[in-house]
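For reference, query-v4.txt is printed below; it contains compact mmCIF, C-alpha atoms.
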```txt
# COMPACT_ATOMS: atom_id res chain seq x y z
CA MET A 1 98.87 123.33 140.45
CA ASN A 2 98.25 126.77 139.00
CA PRO A 3 98.79 129.36 141.76
CA LEU A 4 95.42 130.97 141.07
CA SER A 5 93.69 127.65 141.77
CA ARG A 6 94.58 128.20 145.42
CA LEU A 7 92.66 131.45 145.67
CA ASP A 8 89.76 131.17 148.08
CA ILE A 9 87.32 133.84 146.90
CA PRO A 10 84.03 133.69 148.85
CA LEU A 11 81.90 134.82 145.93
CA THR A 12 79.41 132.91 143.80
CA GLY A 13 76.76 134.10 141.36
CA LEU A 14 77.35 136.85 138.82
CA VAL A 15 80.17 138.68 140.63
CA GLY A 16 82.08 135.47 141.34
CA ASP A 17 81.70 134.27 137.75
CA VAL A 18 82.82 137.60 136.28
CA LEU A 19 85.81 137.82 138.61
CA ARG A 20 86.96 134.28 137.82
CA LEU A 21 86.66 134.99 134.09
CA GLY A 22 89.05 137.89 134.56
CA LEU A 23 91.47 135.68 136.49
CA ALA A 24 91.27 133.07 133.73
CA TRP A 25 93.30 135.29 131.39
CA ILE A 26 96.16 135.29 133.91
CA ALA A 27 95.79 131.61 134.82
CA LYS A 28 96.22 130.42 131.23
CA ASP A 29 99.57 132.19 130.88
CA VAL A 30 101.06 131.70 134.36
CA ASP A 31 102.05 128.28 135.72
CA ARG A 32 103.96 129.21 138.87
CA GLU A 33 103.56 131.80 141.59
CA GLU A 34 107.02 133.21 140.88
CA ASP A 35 105.82 133.98 137.33
CA LEU A 36 103.30 136.47 138.72
CA ARG A 37 105.67 139.34 138.06
CA ALA A 38 104.42 142.86 137.43
CA GLU A 39 105.71 142.96 133.85
CA THR A 40 104.20 139.57 133.00
CA VAL A 41 100.77 140.34 134.46
CA GLY A 42 100.79 143.76 132.81
CA ASP A 43 101.44 142.17 129.42
CA ILE A 44 98.66 139.63 129.99
CA LEU A 45 96.10 142.32 130.83
CA SER A 46 97.21 144.49 127.92
CA ASN A 47 97.04 141.62 125.41
CA ALA A 48 93.62 140.55 126.68
CA LEU A 49 92.30 144.09 126.28
CA THR A 50 93.64 144.23 122.72
CA ARG A 51 91.91 140.95 121.93
CA LEU A 52 88.60 142.33 123.24
CA SER A 53 88.99 145.72 121.55
CA ASP A 54 86.56 145.03 118.69
CA LYS A 55 83.84 144.12 121.15
CA ILE A 56 84.47 147.26 123.20
CA GLU A 57 84.63 149.60 120.21
CA GLY A 58 81.48 148.13 118.70
CA GLY A 59 79.60 148.11 121.99
CA PHE A 60 77.48 150.61 123.83
CA SER A 61 76.72 150.86 127.53
CA SER A 62 74.84 153.02 129.98
CA LYS A 63 76.25 156.03 131.78
CA LEU A 64 77.82 155.60 135.20
CA SER A 65 75.29 156.06 137.98
CA ARG A 66 75.73 159.22 140.01
CA ASN A 67 76.93 157.27 143.06
CA ASP A 68 79.41 155.28 140.96
CA ARG A 69 80.63 158.41 139.24
CA GLU A 70 81.30 160.18 142.54
CA SER A 71 82.84 157.16 144.29
CA ILE A 72 85.00 156.00 141.39
CA GLU A 73 86.10 159.52 140.52
CA ARG A 74 87.49 159.95 144.05
CA THR A 75 89.27 156.61 143.84
CA PHE A 76 90.66 157.01 140.33
CA THR A 77 91.78 160.56 141.06
CA SER A 78 93.76 159.22 144.02
CA TRP A 79 95.10 156.28 142.01
CA TYR A 80 95.63 157.77 138.56
CA GLY A 81 95.05 161.51 138.81
CA THR A 82 91.74 161.58 136.93
CA LEU A 83 88.71 159.63 135.68
CA ASN A 84 87.87 160.00 132.00
CA ALA A 85 85.18 157.33 131.64
CA THR A 86 81.51 158.30 131.60
CA ARG A 87 80.06 154.87 130.72
CA TYR A 88 80.60 151.39 132.14
CA LEU A 89 82.48 149.87 129.20
CA GLU A 90 84.81 152.87 129.23
CA LEU A 91 85.26 152.52 132.99
CA PHE A 92 86.42 148.90 132.86
CA GLU A 93 88.65 149.59 129.87
CA GLU A 94 90.23 152.53 131.71
CA ALA A 95 90.68 150.44 134.87
CA ILE A 96 92.70 147.87 132.90
CA LYS A 97 94.81 150.40 131.01
CA GLU A 98 95.70 152.32 134.17
CA ALA A 99 96.52 149.17 136.13
CA VAL A 100 98.84 148.10 133.31
CA LYS A 101 100.68 151.42 133.65
CA LEU A 102 101.14 150.82 137.39
CA LEU A 103 102.41 147.31 136.71
CA GLN A 104 104.83 148.59 134.09
CA ARG A 105 106.20 151.05 136.65
CA ASP A 106 106.41 148.24 139.21
CA LYS A 107 103.96 150.03 141.54
CA ILE A 108 101.94 146.86 142.15
CA ASP A 109 103.23 143.49 143.33
CA PRO A 110 100.83 140.90 141.81
CA GLN A 111 101.96 138.12 144.14
CA SER A 112 101.05 140.18 147.19
CA ALA A 113 97.89 141.73 145.76
CA LEU A 114 96.35 138.54 144.37
CA PHE A 115 96.73 136.58 147.59
CA GLU A 116 95.58 139.42 149.85
CA ILE A 117 91.94 138.46 150.43
CA LYS A 118 90.31 139.55 153.68
CA GLU A 119 86.83 138.98 154.99
CA GLU A 120 85.42 141.32 157.56
CA LYS A 121 81.87 141.58 158.84
CA ASN A 122 79.65 142.17 155.81
CA LYS A 123 82.70 143.14 153.74
CA LEU A 124 85.21 141.54 151.37
CA ILE A 125 88.54 143.24 150.61
CA LEU A 126 90.57 142.15 147.59
CA GLY A 127 94.17 143.32 147.34
CA ARG A 128 96.06 146.10 149.05
CA GLU A 129 95.01 149.67 149.58
CA TYR A 130 96.68 151.99 147.08
CA ASN A 131 97.19 155.70 147.80
CA ASP A 132 94.79 155.36 150.76
CA TYR A 133 91.92 154.13 148.57
CA TYR A 134 90.05 151.03 147.51
CA ALA A 135 87.51 150.96 144.69
CA ILE A 136 83.95 149.94 145.51
CA LEU A 137 82.37 147.34 143.24
CA PRO A 138 80.36 149.28 140.60
CA ALA A 139 76.57 149.20 140.76
CA ILE A 140 76.23 147.35 137.45
CA LEU A 141 77.68 144.27 139.19
CA LYS A 142 76.89 144.84 142.85
CA GLN A 143 73.20 145.70 142.63
CA PRO A 144 71.98 142.65 140.63
CA GLU A 145 73.69 140.41 143.19
CA TYR A 146 72.41 142.29 146.20
CA TYR A 147 68.82 142.89 145.23
CA GLU A 148 68.26 139.50 143.65
CA CYS A 149 70.07 137.60 146.43
CA HIS A 150 71.99 135.44 143.97
CA THR A 151 74.82 134.76 146.40
CA GLU A 152 74.96 133.75 150.00
CA TYR A 153 77.76 136.22 150.61
CA LEU A 154 75.70 139.21 149.46
CA LYS A 155 72.52 138.13 151.17
CA PRO A 156 70.66 141.27 152.25
CA THR A 157 70.41 141.96 155.95
CA ALA A 158 68.72 144.60 158.04
CA GLY A 159 72.14 146.15 158.70
CA ARG A 160 74.74 147.59 156.35
CA LYS A 161 74.76 146.47 152.77
CA ALA A 162 77.50 144.01 151.86
CA SER A 163 80.43 145.66 150.10
CA ILE A 164 83.35 144.50 148.00
CA LYS A 165 86.49 146.63 147.93
CA LEU A 166 89.15 146.23 145.25
CA ASP A 167 92.68 147.49 144.75
CA PRO A 168 93.84 148.59 141.25
CA LEU A 169 94.84 145.08 140.15
CA TRP A 170 91.63 143.44 141.34
CA MET A 171 89.57 146.26 139.82
CA SER A 172 91.26 145.62 136.48
CA ILE A 173 90.64 141.86 136.78
CA MET A 174 86.97 142.49 137.54
CA GLY A 175 86.86 144.83 134.55
CA LEU A 176 88.47 142.23 132.31
CA GLY A 177 85.90 139.66 133.42
CA PHE A 178 83.07 142.09 132.68
CA LEU A 179 84.40 142.86 129.19
CA THR A 180 84.88 139.13 128.53
CA SER A 181 81.27 138.40 129.50
CA PHE A 182 79.80 141.48 127.80
CA ALA A 183 77.48 140.47 124.95
CA GLY A 184 75.69 143.72 124.23
CA TYR A 185 73.47 146.42 125.65
CA ARG A 186 70.05 146.58 123.98
CA GLY A 187 66.68 147.89 124.99
CA GLY A 188 68.08 149.18 128.27
CA SER A 189 69.42 145.74 129.25
CA TYR A 190 72.92 144.29 129.54
CA TYR A 191 73.53 140.82 128.14
CA LEU A 192 76.34 139.12 130.07
CA ILE A 193 77.51 135.57 129.33
CA THR A 194 79.47 133.69 131.98
CA LYS A 195 80.77 130.16 132.48
CA PRO A 196 80.25 128.99 136.07
CA GLY A 197 83.07 126.75 137.28
CA VAL A 198 85.65 128.22 134.91
CA GLU A 199 88.27 127.95 137.68
CA ALA A 200 88.31 124.16 137.18
CA LEU A 201 90.34 124.80 134.00
CA TYR A 202 93.00 127.03 135.57
CA ASP A 203 95.40 124.07 135.67
CA ASN A 204 94.96 123.36 131.95
CA PRO A 205 96.17 126.35 129.87
CA ARG A 206 95.17 124.83 126.52
CA LYS A 207 91.61 124.09 127.61
CA MET A 208 91.41 127.50 129.25
CA GLU A 209 92.45 129.17 126.00
CA ASP A 210 89.89 127.11 124.07
CA LEU A 211 87.12 128.14 126.46
CA LEU A 212 88.01 131.83 126.27
CA ASP A 213 88.10 131.57 122.49
CA ASP A 214 84.65 129.97 122.39
CA LEU A 215 83.27 132.45 124.90
CA GLU A 216 84.55 135.29 122.71
CA ALA A 217 82.79 133.75 119.70
CA PHE A 218 79.60 133.20 121.67
CA THR A 219 79.39 136.73 123.08
CA THR A 220 80.13 138.08 119.60
CA ALA A 221 77.22 136.00 118.28
CA VAL A 222 74.90 137.50 120.90
CA GLN A 223 76.16 140.99 120.08
CA GLU A 224 76.20 140.75 116.28
CA SER A 225 73.01 138.73 115.82
CA HIS A 226 71.08 141.33 117.84
CA ALA A 227 69.29 138.44 119.50
CA THR A 228 67.01 139.54 122.31
CA MET A 229 65.14 137.49 124.86
CA GLU A 230 61.64 137.56 123.35
CA SER A 231 61.57 133.85 124.10
CA GLU A 232 64.27 131.33 124.89
CA GLU A 233 63.47 129.32 121.75
CA ILE A 234 63.84 132.31 119.42
CA TYR A 235 66.95 133.47 121.24
CA GLU A 236 68.71 130.12 120.92
CA LEU A 237 67.67 129.66 117.28
CA LYS A 238 69.00 133.10 116.32
CA LEU A 239 72.32 132.43 118.02
CA SER A 240 72.76 128.97 116.52
CA ILE A 241 72.00 130.06 112.94
CA TRP A 242 74.33 133.07 113.27
CA LEU A 243 77.16 130.81 114.48
CA ALA A 244 76.47 128.32 111.69
CA LYS A 245 76.58 131.01 109.00
CA GLU A 246 79.93 132.10 110.44
CA GLY A 247 81.11 128.48 110.33
CA ARG A 248 81.71 128.51 114.07
CA MET A 249 81.11 125.44 116.25
CA ILE A 250 81.33 125.89 120.02
CA LYS A 251 82.87 122.82 121.66
CA GLU A 252 80.20 120.72 123.31
CA GLU A 253 82.08 120.50 126.61
CA HIS A 254 81.94 124.29 126.95
CA TYR A 255 78.16 124.32 127.22
CA PRO A 256 76.12 125.38 129.07
CA PHE A 257 76.86 129.09 129.30
CA GLN A 258 74.85 131.30 131.60
CA LEU A 259 73.04 134.39 130.37
CA HIS A 260 72.46 137.25 132.79
CA LEU A 261 70.01 139.92 131.67
CA ILE A 262 70.66 143.08 133.72
CA SER A 263 68.20 145.97 133.50
CA LEU A 264 67.89 149.33 135.22
CA MET A 265 64.63 149.23 137.19
CA GLY A 266 64.06 152.72 138.51
CA GLN A 267 67.42 153.60 140.04
CA VAL A 268 68.59 150.03 140.61
CA TYR A 269 70.30 147.50 138.31
CA THR A 270 68.39 144.25 138.62
CA ALA A 271 68.92 140.75 137.25
CA THR A 272 65.68 140.37 135.31
CA LYS A 273 66.60 136.96 133.90
CA THR A 274 69.30 134.35 134.47
CA VAL A 275 69.14 131.27 132.24
CA GLU A 276 71.41 128.52 130.98
CA ILE A 277 72.10 128.48 127.24
CA ASP A 278 72.96 125.14 125.67
CA LEU A 279 73.07 124.97 121.85
CA ARG A 280 74.54 121.49 121.46
CA GLU A 281 71.57 120.03 119.56
CA LEU A 282 70.80 123.21 117.67
CA GLN A 283 74.31 123.97 116.42
CA ASP A 284 74.78 120.54 114.82
CA TYR A 285 71.45 120.87 113.03
CA MET A 286 72.10 124.45 111.91
CA MET A 287 75.53 123.60 110.49
CA ASN A 288 73.89 120.91 108.33
CA TYR A 289 71.07 123.26 107.34
CA VAL A 290 73.45 126.05 106.31
CA ARG A 291 75.58 123.58 104.35
CA ARG A 292 72.52 122.29 102.46
CA VAL A 293 71.21 125.76 101.64
CA SER A 294 74.68 126.83 100.51
CA GLY A 295 74.79 123.76 98.27
CA LEU A 296 71.48 124.74 96.68
CA LYS A 297 72.78 128.26 96.08
CA GLU A 298 75.88 126.85 94.38
CA LYS A 299 73.62 124.85 92.07
CA GLY A 300 71.91 128.07 91.01
CA TYR A 301 68.72 127.84 93.06
CA ASN A 302 67.36 131.19 94.24
CA ILE A 303 66.69 130.03 97.79
CA THR A 304 67.70 133.00 99.95
CA ILE A 305 65.79 136.24 100.51
CA ASP A 306 66.96 139.81 100.00
CA THR A 307 65.72 143.08 101.47
CA LYS A 308 66.72 146.69 100.83
CA THR A 309 69.30 146.50 103.62
CA GLN A 310 70.28 142.82 103.76
CA THR A 311 71.00 140.06 101.28
CA GLY A 312 71.34 136.31 101.53
CA ILE A 313 68.81 135.77 104.33
CA TYR A 314 68.06 132.09 104.87
CA PRO A 315 64.32 131.24 104.91
CA LEU A 316 64.52 129.68 108.39
CA GLU A 317 66.40 132.75 109.59
CA ALA A 318 63.66 135.01 108.19
CA LEU A 319 60.92 132.88 109.78
CA ILE A 320 62.63 133.09 113.18
CA ASP A 321 62.79 136.87 112.83
CA LEU A 322 59.10 137.03 111.94
CA ALA A 323 58.25 134.94 115.00
CA GLY A 324 60.15 137.35 117.22
CA ARG A 325 58.35 140.34 115.73
CA GLU A 326 55.01 138.57 116.09
CA LEU A 327 55.39 138.49 119.87
CA ASP A 328 54.74 142.24 119.76
CA PRO A 329 51.01 142.72 118.93
CA ARG A 330 51.89 145.88 117.00
CA ASN A 331 54.04 143.88 114.58
CA ARG A 332 51.89 140.83 113.91
CA LEU A 333 51.94 140.12 110.21
CA SER A 334 49.52 137.21 109.84
CA GLY A 335 46.42 139.32 110.33
CA ASP A 336 45.17 137.66 113.51
CA ASN A 337 46.02 137.23 117.15
CA GLU A 338 47.01 133.57 117.07
CA MET A 339 50.76 134.14 116.63
CA LEU A 340 50.93 131.31 114.10
CA THR A 341 54.51 132.05 113.07
CA TYR A 342 55.68 131.90 116.65
CA ILE A 343 53.90 128.57 117.12
CA MET A 344 55.54 127.24 113.94
CA VAL A 345 58.99 128.23 115.17
CA LYS A 346 58.44 126.71 118.62
CA ASP A 347 57.38 123.44 116.98
CA ILE A 348 60.47 123.46 114.76
CA TYR A 349 62.65 124.17 117.81
CA ARG A 350 61.20 121.17 119.65
CA ALA A 351 61.63 118.92 116.62
CA ILE A 352 65.28 119.91 116.18
CA CYS A 353 66.09 119.37 119.85
CA SER A 354 64.37 115.97 119.81
CA GLY A 355 66.61 114.74 117.00
CA ASN A 356 63.58 112.76 115.77
CA ARG A 357 63.32 112.71 111.97
CA LYS A 358 59.67 111.64 111.96
CA LEU A 359 58.70 114.45 114.35
CA MET A 360 60.47 116.95 112.08
CA GLU A 361 58.60 115.61 109.04
CA GLU A 362 55.27 115.98 110.86
CA THR A 363 56.20 119.48 112.04
CA LEU A 364 57.17 120.61 108.53
CA PHE A 365 53.96 119.15 107.12
CA ARG A 366 51.88 121.19 109.60
CA THR A 367 53.96 124.26 108.85
CA PHE A 368 53.45 123.76 105.11
CA ARG A 369 49.69 123.42 105.58
CA HIS A 370 49.40 126.54 107.75
CA ALA A 371 51.63 128.58 105.44
CA ARG A 372 49.72 127.57 102.30
CA GLY A 373 46.48 128.47 104.02
CA LEU A 374 47.75 131.92 104.97
CA ILE A 375 49.21 132.64 101.54
CA ALA A 376 46.22 131.42 99.52
CA GLY A 377 43.45 132.38 101.94
CA ASP A 378 41.44 135.56 102.34
CA THR A 379 43.25 136.66 105.50
CA LYS A 380 45.09 139.96 105.10
CA VAL A 381 48.78 139.09 105.10
CA ASP A 382 51.84 141.34 104.88
CA GLY A 383 53.82 141.09 101.61
CA TRP A 384 57.08 140.29 103.38
CA TYR A 385 55.32 137.56 105.32
CA LYS A 386 54.11 136.01 102.06
CA ALA A 387 57.59 136.17 100.54
CA VAL A 388 59.16 134.44 103.53
CA MET A 389 56.51 131.73 103.67
CA ALA A 390 56.75 131.06 99.94
CA LYS A 391 60.49 130.46 100.20
CA PHE A 392 60.16 128.49 103.40
CA ILE A 393 57.69 125.92 102.05
CA TRP A 394 59.45 125.49 98.69
CA ASP A 395 60.17 121.78 98.31
CA LYS A 396 63.92 122.27 97.93
CA HIS A 397 64.02 124.23 101.17
CA LEU A 398 61.89 121.69 103.02
CA GLU A 399 64.44 119.05 102.04
CA ALA A 400 67.22 121.21 103.51
CA LEU A 401 65.30 121.41 106.79
CA GLN A 402 65.16 117.66 107.35
CA ILE A 403 67.05 116.11 110.26
```
Spell out the structure here as structure tokens.
Amino acid sequence: MNPLSRLDIPLTGLVGDVLRLGLAWIAKDVDREEDLRAETVGDILSNALTRLSDKIEGGFSSKLSRNDRESIERTFTSWYGTLNATRYLELFEEAIKEAVKLLQRDKIDPQSALFEIKEEKNKLILGREYNDYYAILPAILKQPEYYECHTEYLKPTAGRKASIKLDPLWMSIMGLGFLTSFAGYRGGSYYLITKPGVEALYDNPRKMEDLLDDLEAFTTAVQESHATMESEEIYELKLSIWLAKEGRMIKEEHYPFQLHLISLMGQVYTATKTVEIDLRELQDYMMNYVRRVSGLKEKGYNITIDTKTQTGIYPLEALIDLAGRELDPRNRLSGDNEMLTYIMVKDIYRAICSGNRKLMEETLFRTFRHARGLIAGDTKVDGWYKAVMAKFIWDKHLEALQI
């Protein structure tokens, strides 16, 4: 049994999932408790951070809250002499780098720290106090749990607020879990992707590595596709077509993932949405669709769409984007308030997920009829909208859309 499988951490919800993701990096490379040496754990954390570096460098995050800045600055000054980070991504990156330095100097004993878990009234303490200080769980993770009551452990009471204290190693593990789950910061909201129950794979290093690899691909898809939660259908379609164009298939057994949308409401970080994301049906369909469209391109058919800033846009991809824009009344392109493009995309989503060929044929026929009516009718229609619809209902493209 992997030594980390024995850890009894009384946390569920977002914080528990993030923490266990951080531990997963250690679990996949350590089989025995005696292997939890400072040098080994330091190398694991350092290598994981290097692997996530592109995501960190390409990402953006909010500034540390005033309370976090003051609290963490006191702690990091005691631990490391200073705090350089001003934003949350920088904070977690710095926490890992500084913990690695302590491990390299043999200032932390991982075997002792990892198995030092204490519960006190309304308080959880992870690890051993270092230089007279523990770190307090940052607001970006603590507040969504506390105010949304996602865990029994952090259930609000009339007394003191629940607190989680971490030593340098546990702070770095929490940071590694956050960076692993980080899938972008857009429109004032954090997109975090977790995998509840990840600890079940601690005893299987190969499967653990596969999951972390797929999670990295999935969070990159969320980040690079710029998918936002206008609707769950649009969100899932954007992710699945982005993955298909990259030639990336997430293993079916790794679904579902859990999306946490964290937004600053006033002065408090709040979980505004928590949903399961399962692309099993969509990704198979999208891989076939992308292959068919690519085949048409190779035969010389001009099937994709170009803009001033982007080339090679697939017609279905463009339609999905139009549907997302249409949810904002200021951006509606069909000249009315019926959101016809959004309705088309929702129907296509349902047909794909059904796996029913006849339903897809009926859906595409309705889409063709509506699109022809909009293009040929008297309704004022945006030029880009017409261009997308013309490509979408072209007979060669309709063939590529079939199940």
Step by step, gather every atom of stretch 377-388 of chain A that the file lists, find the box along x, y and z that holds them, add 5 Å on each side, and finally give centre and edge lengths in Å to one decimal, as lines of an AutoDock Vina configuration file.
```
center_x = 50.3
center_y = 136.9
center_z = 103.0
size_x = 27.7
size_y = 19.0
size_z = 15.0
```
Could you pull out every residue with an atom within 10 Å of (101.3, 149.4, 134.2), file coordinates, counting only C-alpha atoms, and send them as a PDB file with C-alpha atoms, in the frame of the given file?
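Writing the result to result17.pdb gives the following:
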```pdb
ATOM      1  CA  ALA A  38     104.420 142.860 137.430  1.00  0.00           C
ATOM      2  CA  GLU A  39     105.710 142.960 133.850  1.00  0.00           C
ATOM      3  CA  VAL A  41     100.770 140.340 134.460  1.00  0.00           C
ATOM      4  CA  GLY A  42     100.790 143.760 132.810  1.00  0.00           C
ATOM      5  CA  ASP A  43     101.440 142.170 129.420  1.00  0.00           C
ATOM      6  CA  LEU A  45      96.100 142.320 130.830  1.00  0.00           C
ATOM      7  CA  SER A  46      97.210 144.490 127.920  1.00  0.00           C
ATOM      8  CA  ILE A  96      92.700 147.870 132.900  1.00  0.00           C
ATOM      9  CA  LYS A  97      94.810 150.400 131.010  1.00  0.00           C
ATOM     10  CA  GLU A  98      95.700 152.320 134.170  1.00  0.00           C
ATOM     11  CA  ALA A  99      96.520 149.170 136.130  1.00  0.00           C
ATOM     12  CA  VAL A 100      98.840 148.100 133.310  1.00  0.00           C
ATOM     13  CA  LYS A 101     100.680 151.420 133.650  1.00  0.00           C
ATOM     14  CA  LEU A 102     101.140 150.820 137.390  1.00  0.00           C
ATOM     15  CA  LEU A 103     102.410 147.310 136.710  1.00  0.00           C
ATOM     16  CA  GLN A 104     104.830 148.590 134.090  1.00  0.00           C
ATOM     17  CA  ARG A 105     106.200 151.050 136.650  1.00  0.00           C
ATOM     18  CA  ASP A 106     106.410 148.240 139.210  1.00  0.00           C
ATOM     19  CA  LYS A 107     103.960 150.030 141.540  1.00  0.00           C
ATOM     20  CA  ILE A 108     101.940 146.860 142.150  1.00  0.00           C
ATOM     21  CA  LEU A 169      94.840 145.080 140.150  1.00  0.00           C
TER      22      LEU A 169
END
```
Exercise for the section: Could you give me, as a PyMOL selection string, the residues that sit within 12 Å of (76.0, 124.5, 104.5) in the file's coordinates, counting only C-alpha atoms? Expected result: chain A and resi 241+243-248+284-298+314+400-401
Exercise for the section: Please identify all polymer residues within 12 Å of stretch 311-313 of chain A, counting all atoms listed in the file, omitting same-chain residues fewer than 3 positions from it, and present them as number ranges by chain. Expected result: A: 241-242, 245, 290, 293-294, 297, 302-308, 316-321, 387-388, 391-392
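Coordinates place atom CA of A:Gln402 at a distance of 13.1 Å from atom CA of A:Thr367.
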Problem - Test item: residues at most 7 Å from A:Lys346, all atoms listed in the file, excluding those fewer than 4 positions along its chain, as JSON, numbers by chain - result: {"A": [233, 342, 350]}
Handout entry: Distance of atom CA of A:Lys118 from atom CA of A:Trp79, expressed in Å to one decimal place
Key = 21.0 Å
Handout entry: Separation of atom CA of A:Asp31 from atom CA of A:Ala95, in Å and rounded to one decimal
Key =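 One can read the atom CA of A:Asp31 to atom CA of A:Ala95 distance as 24.9 Å.
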Handout entry: Spatial neighbours of A:Tyr130, 9 Å, all atoms listed in the file, chain gap at least 2 places, as a ChimeraX atom specification
Key = /A:78-79,108,128,132-134,167-168
Include C-alpha atoms and write out the residues we just selected as a PDB file, keeping the file's coordinate frame.
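The new file part_8.pdb reads:
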```
ATOM      1  CA  SER A  78      93.760 159.220 144.020  1.00  0.00           C
ATOM      2  CA  TRP A  79      95.100 156.280 142.010  1.00  0.00           C
ATOM      3  CA  ILE A 108     101.940 146.860 142.150  1.00  0.00           C
ATOM      4  CA  ARG A 128      96.060 146.100 149.050  1.00  0.00           C
ATOM      5  CA  ASP A 132      94.790 155.360 150.760  1.00  0.00           C
ATOM      6  CA  TYR A 133      91.920 154.130 148.570  1.00  0.00           C
ATOM      7  CA  TYR A 134      90.050 151.030 147.510  1.00  0.00           C
ATOM      8  CA  ASP A 167      92.680 147.490 144.750  1.00  0.00           C
ATOM      9  CA  PRO A 168      93.840 148.590 141.250  1.00  0.00           C
TER      10      PRO A 168
END
```
Handout entry: Selected residue, from A:Tyr202, A:Ser189, A:Thr180, A:Asp17, that lies nearest to A:Arg32 when counting all atoms listed in the file
Key =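 Smallest distance to A:Arg32 is found for A:Tyr202.
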Handout entry: Among listed residues A:Arg325, A:Arg369, A:Lys238, A:His254, nearest A:Leu215 (using all atoms listed in the file)
Key =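 Comparing A:Arg325, A:Arg369, A:Lys238, A:His254 against A:Leu215, the winner is A:His254.
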Practice task
For A:Glu252, work out the shell of residues within 12 Å, counting only C-alpha atoms and skipping chain neighbours fewer than 5 positions away, then give it as number ranges by chain.
Solution key: A: 210-211, 214, 257, 277-284
Practice task
Using all atoms listed in the file, determine which residues lie at most 8 Å from stretch 53-60 of chain A, disregarding the query and same-chain residues fewer than 6 positions distant; provide the list as an NGL selection string.
Solution key: :A and (89 or 179 or 184-185 or 220)
Would you export the selected residues with C-alpha atoms as a tab-separated table (two decimals), in the frame of the given file, please?
```tsv
chain	number	residue	atom	x	y	z
A	89	LEU	CA	82.48	149.87	129.20
A	179	LEU	CA	84.40	142.86	129.19
A	184	GLY	CA	75.69	143.72	124.23
A	185	TYR	CA	73.47	146.42	125.65
A	220	THR	CA	80.13	138.08	119.60
```
Practice task
Measuring atom to atom with all atoms listed in the file, identify which of A:Thr50, A:Gly16, A:Thr194, A:Glu209 is nearest to A:Lys28.
Solution key: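 Selected residue with least distance to A:Lys28: A:Glu209.
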Exercise for the section: For each of A:Glu116, A:Glu236, A:Asp203, A:Glu326, take the minimum atom-to-atom distance to A:Tyr349, counting all atoms listed in the file, then give the residue where this is smallest. Expected result: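 Result for the nearest residue to A:Tyr349: A:Glu236.
Considering only C-alpha atoms, the residue among A:Leu239, A:Ala27, A:Ala85, A:Ala135 positioned nearest to A:Ala183 is A:Leu239.
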